[in-house]
Protein chains: 2
Amino acid sequence: MLSKNTVKFIKSLHQKKYRSESGKFFVEGEKSVLEVLQSDFLVDQLVVTESFEDRNFGMIKSFGGEVIRATQKQLEDLGQFQSNDSALAVVQMKSNVRFSPESDPLILALDDVRDPGNLGTIIRVADWYGITKLVFSPQTAEFYNPKVIQATMGSFTRVQFFYEDLAQVFEQWKLPVYGAFLGGENIHTLQKPNRGILLMGNESKGISPLLETRVTQKVTIPGFGQAESLNVAIATAILCDNFNRLMSS
Amino acid sequence: MLSKNTVKFIKSLHQKKYRSESGKFFVEGEKSVLEVLQSDFLVDQLVVTESFEDRNFGMIKSFGGEVIRATQKQLEDLGQFQSNDSALAVVQMKSNVRFSPESDPLILALDDVRDPGNLGTIIRVADWYGITKLVFSPQTAEFYNPKVIQATMGSFTRVQFFYEDLAQVFEQWKLPVYGAFLGGENIHTLQKPNRGILLMGNESKGISPLLETRVTQKVTIPGFGQAESLNVAIATAILCDNFNRLMSS
């Protein structure tokens, strides 16, 4: 049964402050909950409807943590989904550990991408293109924000990431840095790139002047209309598609 | 001065019902208001702050309609922006008139794209690529929804569009229809396409079975990770970028 304390605790996880304090976040909806159960994230608690339990009996049986039965109405009250007739999971955050770049063809770096929807969409795009490593400036939106988790559509379980000063990271990795700018080299006519880092900037300010000095190749998406710019998640997707085409040719 | 009736009227335009009844919608924020004033849309009323008026004195002087002075707080109360220290315009909708396809290389067709943010982002992408003609199925999100207008970042002023049964439109235009599907031809290896229509489907259901029969070429974005799909605005952008590359080669 869903206790008052559990309700209070899960609701507190809507706020960054309480996520940081507890080191936990929540995931909701059938697809995402099933994906997090099969990932290397540690799930503490599952809140499930009877019908979700019926559909996923084996998965729930093999899960070692606490399983709490709830109604659809209770689930919808706990999370942010307008409609949720399946499940919500309370999950442990991973520690902010730097990965090594190894031989990945492309690593994605975000310089202060602030909007949670944009960050989540970018993670989904990265997963689509098989990019599994992302590095975020400290001011980038929080990975565990429920809106980020929702927008990734389960892709958050398949990427590695950490937050750190990007200038320091670039300095140490010594990889080419491709930066998205207006007025860079046309991505359609770029030579086959070496493995490296694709750097995307803030929604309104773009890449910061300090990081601009670390960019080894500015790249641009050719446009033919009058729109002044593209949304950062859209631009990331188009650039990933072009890098993908170039690197696999 | 801002009268109670004006406040009531503008606030009513947040709802589709009252937009339809009055044939009017609103546009907010400096950039979008300035763009709509310079477009072929007919602006009825301008609600402006003193600072906006100072910055755009000439533009306001040449505007023939009613100009109402308001405070920032009043503007924010009228619209949907959290912060608006510039202006809001009440604008007349255009009538739903079918355009002819003429010689445009690519026309964009949307089959029940329901999310206003997605529609707005797609319009911005179209404008970036110089695609000025869009056709929408009747169930596609409403063009004049404030969230659509906001997401276009002013691009709504530079496109032509109409809502109609897409099967009928395709029947009459007799143009090739490129449809976005999982499992179609790889867009990276597609032969140079003829001019035609790019058809994008609903966020969860994709292109409807009836319209699928009208698609002459299914196209797919190659992915290499485990994400099952891409957001429709993201997919539209990647396909437009590829068509752009192919058609200008």
# chains A, B, ... in the order shown; residues from 1 in each chain; ligands from 1

$ interface_residues --of "chain A" --to "chain B" --cutoff "12 Å" --atoms "only C-alpha atoms" --output "MDAnalysis selection string"
chainID A and resid 31:32 35 117:118 120:132 151:159 186:189 220:246 248:249

$ residues_around --residues "Glu21 in chain B" --least-positions-apart "6" --cutoff "12 Å" --atoms "only C-alpha atoms" --output "list in words"
Phe9, Ser12, Leu13, Gln15, Gln92 and Met93 of chain B

$ write_last_selection --atoms "N, CA, C and O atoms" --output "PDB file, in the first residue's frame"
ATOM      1  N   PHE B   9     -11.229  40.355 -24.113  1.00  0.00           N
ATOM      2  CA  PHE B   9     -11.181  39.836 -25.477  1.00  0.00           C
ATOM      3  C   PHE B   9      -9.843  39.139 -25.771  1.00  0.00           C
ATOM      4  O   PHE B   9      -9.799  38.024 -26.279  1.00  0.00           O
ATOM      5  N   SER B  12      -9.539  35.892 -24.112  1.00  0.00           N
ATOM      6  CA  SER B  12     -10.388  34.847 -24.725  1.00  0.00           C
ATOM      7  C   SER B  12      -9.654  34.168 -25.883  1.00  0.00           C
ATOM      8  O   SER B  12      -9.925  33.014 -26.203  1.00  0.00           O
ATOM      9  N   LEU B  13      -8.699  34.872 -26.489  1.00  0.00           N
ATOM     10  CA  LEU B  13      -7.986  34.318 -27.660  1.00  0.00           C
ATOM     11  C   LEU B  13      -6.994  33.205 -27.291  1.00  0.00           C
ATOM     12  O   LEU B  13      -6.385  32.598 -28.158  1.00  0.00           O
ATOM     13  N   GLN B  15      -8.155  30.612 -26.121  1.00  0.00           N
ATOM     14  CA  GLN B  15      -8.971  29.432 -26.421  1.00  0.00           C
ATOM     15  C   GLN B  15      -9.337  29.365 -27.899  1.00  0.00           C
ATOM     16  O   GLN B  15      -9.739  30.347 -28.500  1.00  0.00           O
ATOM     17  N   GLN B  92      -5.479  39.313 -37.590  1.00  0.00           N
ATOM     18  CA  GLN B  92      -6.549  38.585 -38.290  1.00  0.00           C
ATOM     19  C   GLN B  92      -6.014  37.289 -38.912  1.00  0.00           C
ATOM     20  O   GLN B  92      -4.983  37.285 -39.579  1.00  0.00           O
ATOM     21  N   MET B  93      -6.763  36.208 -38.691  1.00  0.00           N
ATOM     22  CA  MET B  93      -6.412  34.945 -39.341  1.00  0.00           C
ATOM     23  C   MET B  93      -6.560  35.090 -40.852  1.00  0.00           C
ATOM     24  O   MET B  93      -7.344  35.897 -41.326  1.00  0.00           O
TER      25      MET B  93
END

$ closest_residue --among "A:Lys147, A:Lys61, A:Lys133, A:Lys94" --to "Glu28 in chain A" --atoms "only C-alpha atoms"
A:Lys147

$ atom_distance --atom1 "CA of Ile149 in chain B" --atom2 "CA of Phe143 in chain A"
28.3 Å

$ select_by_dssp --residues "range 8-43 of chain B" --states "alpha helix (DSSP H)" --output "list in words"
Lys8, Phe9, Ile10, Lys11, Ser12, Lys16, Lys17, Tyr18, Arg19, Ser20, Glu21, Ser22, Glu30, Lys31, Ser32, Val33, Leu34, Glu35, Val36 and Leu37 of chain B

$ atom_distance --atom1 "CA of Leu34 in chain A" --atom2 "CA of Glu76 in chain A"
17.7 Å

$ residues_around --residues "range 167-169 of chain B" --least-positions-apart "2" --cutoff "12 Å" --atoms "only C-alpha atoms" --output "number ranges by chain"
B: 98-101, 107, 109-111, 134-138, 162-165, 171-175, 177, 197, 199, 207-215

$ write_last_selection --atoms "C-alpha atoms" --output "compact mmCIF listing (two decimals), in the first residue's frame"
# COMPACT_ATOMS: atom_id res chain seq x y z
CA ARG B 98 -5.72 26.16 -51.12
CA PHE B 99 -2.51 27.25 -52.87
CA SER B 100 -1.31 25.67 -56.09
CA PRO B 101 1.89 23.63 -55.96
CA ILE B 107 5.98 20.93 -50.19
CA ALA B 109 2.41 17.74 -45.65
CA LEU B 110 1.53 16.87 -42.04
CA ASP B 111 -0.85 14.02 -41.21
CA LEU B 134 2.65 23.46 -46.05
CA VAL B 135 -0.54 21.45 -46.11
CA PHE B 136 -2.14 20.04 -42.97
CA SER B 137 -4.69 17.28 -42.35
CA PRO B 138 -7.77 18.61 -40.51
CA PHE B 162 -4.13 25.26 -45.62
CA TYR B 163 -6.02 22.46 -43.88
CA GLU B 164 -7.70 19.81 -46.05
CA ASP B 165 -8.14 16.09 -46.53
CA GLU B 171 -5.02 12.98 -55.81
CA GLN B 172 -5.38 16.35 -57.47
CA TRP B 173 -1.76 17.45 -57.40
CA LYS B 174 -0.37 14.19 -58.82
CA LEU B 175 3.10 14.83 -57.37
CA VAL B 177 4.84 11.73 -52.20
CA ILE B 197 5.67 16.34 -51.27
CA LEU B 199 4.68 13.64 -45.79
CA ILE B 207 1.23 8.08 -41.34
CA SER B 208 -2.34 6.74 -41.51
CA PRO B 209 -2.99 3.53 -43.52
CA LEU B 210 -5.13 5.40 -46.05
CA LEU B 211 -2.40 7.93 -46.80
CA GLU B 212 0.26 5.21 -46.83
CA THR B 213 -1.35 3.96 -50.06
CA ARG B 214 -0.68 7.38 -51.63
CA VAL B 215 3.02 7.37 -50.75
